[in-house]
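First up is the structure itself, then whatever we jot down about it.
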Amino acid sequence: MHAFDVLGDGVRRRILELLATGEQTSGAISAVIQEEFGISQPAVSMHLRVLRDNGFATVRAEGARRLYAVDTGPLREVDLWLERFRGFWSQHLDALATELARGKRERRATHDEEDR
């Protein structure tokens, strides 16, 4: 399965968001996903398996619990692929940063004049 096929699913993206905060038990992940998406625990397990089988997540056993974590390898590959497109939004973000800085300077100057 291609990385974008894996990431194309909203449930799997949400699971990765949860895992980005740190290692999570399968039970904790299932509870959030079931609440947010209204899907069954077996369906959550299927999504975890897709993430694991495609290298996006790792799992380790701790007693009876299964702890999942993000595996960054495939995400680095996605990041490299996206690199060629960053120029499309980088210029706009640079321009936005310039306008924000200009606005701050103008507000400061106005505020300083009012204090005099």
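We name chains A, B, ... following the order of the structure tokens; residues begin at 1 in each chain, and ligands are numbered from 1 as shown.
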
Problem set entry | DSSP alpha helix (DSSP H) residues within chain A, as a PyMOL selection string | chain A and resi 3-7+10-20+26-37+41-53+73-83+86-115

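The shell of residues at most 12 Å from Gln34 of chain A, with only C-alpha atoms counted and near chain neighbours (fewer than 4 positions) removed, consists of Val11, Arg14, Ile15, Ser26, Gly27, Ala28, Ile29, Ser30, Gly38, Ile39, Ser40, Gln41, Pro42, Ala43, Val44, Ser45 and His47 of chain A.
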
Output for the residues just chosen: C-alpha atoms as a PDB file, in the first residue's frame:
ATOM      1  CA  VAL A  11      -9.133   7.328  11.081  1.00  0.00           C
ATOM      2  CA  ARG A  14      -6.150  10.579  13.657  1.00  0.00           C
ATOM      3  CA  ILE A  15      -4.425   7.535  15.139  1.00  0.00           C
ATOM      4  CA  SER A  26      -4.318  -0.010  21.981  1.00  0.00           C
ATOM      5  CA  GLY A  27      -7.135   0.438  24.507  1.00  0.00           C
ATOM      6  CA  ALA A  28      -6.535   4.173  24.836  1.00  0.00           C
ATOM      7  CA  ILE A  29      -6.381   4.584  21.062  1.00  0.00           C
ATOM      8  CA  SER A  30      -9.542   2.526  20.597  1.00  0.00           C
ATOM      9  CA  GLY A  38     -18.243   5.720  16.082  1.00  0.00           C
ATOM     10  CA  ILE A  39     -16.494   2.575  14.850  1.00  0.00           C
ATOM     11  CA  SER A  40     -16.016  -0.740  16.643  1.00  0.00           C
ATOM     12  CA  GLN A  41     -12.903  -1.892  18.457  1.00  0.00           C
ATOM     13  CA  PRO A  42     -12.192  -4.533  15.770  1.00  0.00           C
ATOM     14  CA  ALA A  43     -12.318  -1.770  13.134  1.00  0.00           C
ATOM     15  CA  VAL A  44      -9.817   0.290  15.151  1.00  0.00           C
ATOM     16  CA  SER A  45      -7.597  -2.786  15.400  1.00  0.00           C
ATOM     17  CA  HIS A  47      -6.539   0.459  11.180  1.00  0.00           C
TER      18      HIS A  47
END

For this session: Can you pull out every residue within 8 Å of segment 65-74 of chain A, counting only C-alpha atoms, but drop anything in the same chain fewer than 3 positions away, and send it as JSON, numbers by chain?
Result: {"A": [3, 16, 19, 20, 22, 23, 24, 25, 26, 55, 56, 57, 58, 59, 60, 61, 62, 77, 78]}

Preceding selection exported with C-alpha atoms as a CSV table (one decimal), in the first residue's frame:
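The resulting part_33.csv:
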chain,number,residue,atom,x,y,z
A,3,ALA,CA,2.0,5.9,1.9
A,16,LEU,CA,-1.1,8.9,14.0
A,19,LEU,CA,0.6,8.5,18.6
A,20,ALA,CA,2.5,11.8,17.8
A,22,GLY,CA,3.7,9.6,22.7
A,23,GLU,CA,3.3,5.9,23.0
A,24,GLN,CA,-0.3,4.8,23.5
A,25,THR,CA,-2.0,1.6,24.5
A,26,SER,CA,-4.3,0.0,22.0
A,55,GLY,CA,5.6,0.8,8.7
A,56,PHE,CA,3.9,3.9,10.2
A,57,ALA,CA,3.6,2.4,13.7
A,58,THR,CA,5.4,0.0,15.9
A,59,VAL,CA,3.9,-2.1,18.6
A,60,ARG,CA,5.5,-3.7,21.6
A,61,ALA,CA,4.0,-6.0,24.3
A,62,GLU,CA,4.0,-5.0,27.9
A,77,GLU,CA,9.5,9.6,2.8
A,78,VAL,CA,6.3,11.6,2.6

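Between atom CA of Phe85 of chain A and atom CA of Ala97 of chain A the separation is 19.3 Å.
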
Quick one: everything within 12 Å of Phe4 of chain A, counting only C-alpha atoms, minus sequence neighbours fewer than 3 positions away in the same chain. Send it as a PDB file with N, CA and C atoms, in the first residue's frame.
ATOM      1  N   MET A   1       0.854  -1.171   0.000  1.00  0.00           N
ATOM      2  CA  MET A   1       0.000   0.000   0.000  1.00  0.00           C
ATOM      3  C   MET A   1       0.904   1.240   0.000  1.00  0.00           C
ATOM      4  N   LEU A   7      -2.324   7.162   4.501  1.00  0.00           N
ATOM      5  CA  LEU A   7      -2.652   8.452   5.115  1.00  0.00           C
ATOM      6  C   LEU A   7      -3.961   9.044   4.599  1.00  0.00           C
ATOM      7  N   GLY A   8      -4.493   8.484   3.530  1.00  0.00           N
ATOM      8  CA  GLY A   8      -5.735   8.987   2.956  1.00  0.00           C
ATOM      9  C   GLY A   8      -6.953   8.720   3.815  1.00  0.00           C
ATOM     10  N   ASP A   9      -6.818   7.852   4.773  1.00  0.00           N
ATOM     11  CA  ASP A   9      -7.937   7.512   5.641  1.00  0.00           C
ATOM     12  C   ASP A   9      -7.911   8.383   6.892  1.00  0.00           C
ATOM     13  N   GLY A  10      -9.015   9.055   7.187  1.00  0.00           N
ATOM     14  CA  GLY A  10      -9.089   9.955   8.331  1.00  0.00           C
ATOM     15  C   GLY A  10      -8.865   9.279   9.674  1.00  0.00           C
ATOM     16  N   ARG A  12      -6.945   6.645  10.261  1.00  0.00           N
ATOM     17  CA  ARG A  12      -5.508   6.369  10.417  1.00  0.00           C
ATOM     18  C   ARG A  12      -4.730   7.656  10.669  1.00  0.00           C
ATOM     19  N   ARG A  13      -5.121   8.756  10.010  1.00  0.00           N
ATOM     20  CA  ARG A  13      -4.448  10.031  10.292  1.00  0.00           C
ATOM     21  C   ARG A  13      -4.658  10.423  11.746  1.00  0.00           C
ATOM     22  N   LEU A  51      -1.507   0.481   9.788  1.00  0.00           N
ATOM     23  CA  LEU A  51      -0.396   1.380  10.122  1.00  0.00           C
ATOM     24  C   LEU A  51       0.868   0.582  10.438  1.00  0.00           C
ATOM     25  N   ASN A  54       2.379  -1.260   7.323  1.00  0.00           N
ATOM     26  CA  ASN A  54       2.960  -0.348   6.338  1.00  0.00           C
ATOM     27  C   ASN A  54       4.058   0.527   6.919  1.00  0.00           C
ATOM     28  N   PHE A  56       4.161   2.606   9.543  1.00  0.00           N
ATOM     29  CA  PHE A  56       3.864   3.892  10.171  1.00  0.00           C
ATOM     30  C   PHE A  56       3.816   3.804  11.690  1.00  0.00           C
ATOM     31  N   PRO A  74       8.343   6.081   7.197  1.00  0.00           N
ATOM     32  CA  PRO A  74       7.473   6.424   6.076  1.00  0.00           C
ATOM     33  C   PRO A  74       7.090   7.910   6.054  1.00  0.00           C
ATOM     34  N   LEU A  75       7.006   8.526   7.225  1.00  0.00           N
ATOM     35  CA  LEU A  75       6.668   9.946   7.267  1.00  0.00           C
ATOM     36  C   LEU A  75       7.797  10.795   6.687  1.00  0.00           C
ATOM     37  N   GLU A  77       9.692   9.780   4.267  1.00  0.00           N
ATOM     38  CA  GLU A  77       9.540   9.598   2.821  1.00  0.00           C
ATOM     39  C   GLU A  77       8.451  10.521   2.273  1.00  0.00           C
ATOM     40  N   VAL A  78       7.350  10.662   2.979  1.00  0.00           N
ATOM     41  CA  VAL A  78       6.276  11.564   2.565  1.00  0.00           C
ATOM     42  C   VAL A  78       6.794  13.002   2.580  1.00  0.00           C
ATOM     43  N   ASP A  79       7.541  13.343   3.611  1.00  0.00           N
ATOM     44  CA  ASP A  79       8.102  14.692   3.719  1.00  0.00           C
ATOM     45  C   ASP A  79       9.030  14.990   2.547  1.00  0.00           C
ATOM     46  N   TRP A  81       8.872  13.667  -0.436  1.00  0.00           N
ATOM     47  CA  TRP A  81       8.050  13.804  -1.620  1.00  0.00           C
ATOM     48  C   TRP A  81       7.392  15.191  -1.651  1.00  0.00           C
ATOM     49  N   LEU A  82       6.944  15.667  -0.489  1.00  0.00           N
ATOM     50  CA  LEU A  82       6.287  16.974  -0.403  1.00  0.00           C
ATOM     51  C   LEU A  82       7.254  18.137  -0.618  1.00  0.00           C
TER      52      LEU A  82
END

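Running DSSP on the backbone and keeping only strand (DSSP E or B), the residues of segment 39-112 of chain A that qualify are Ala57, Thr58, Val59, Arg60, Ala61, Glu62, Arg65, Arg66, Leu67, Tyr68, Ala69 and Val70 of chain A.
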
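Atom CA of Arg52 of chain A sits 15.8 Å away from atom CA of Arg76 of chain A.
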
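Computed from the coordinates, the atom CA of Thr21 of chain A to atom CA of Ile33 of chain A distance equals 15.0 Å.
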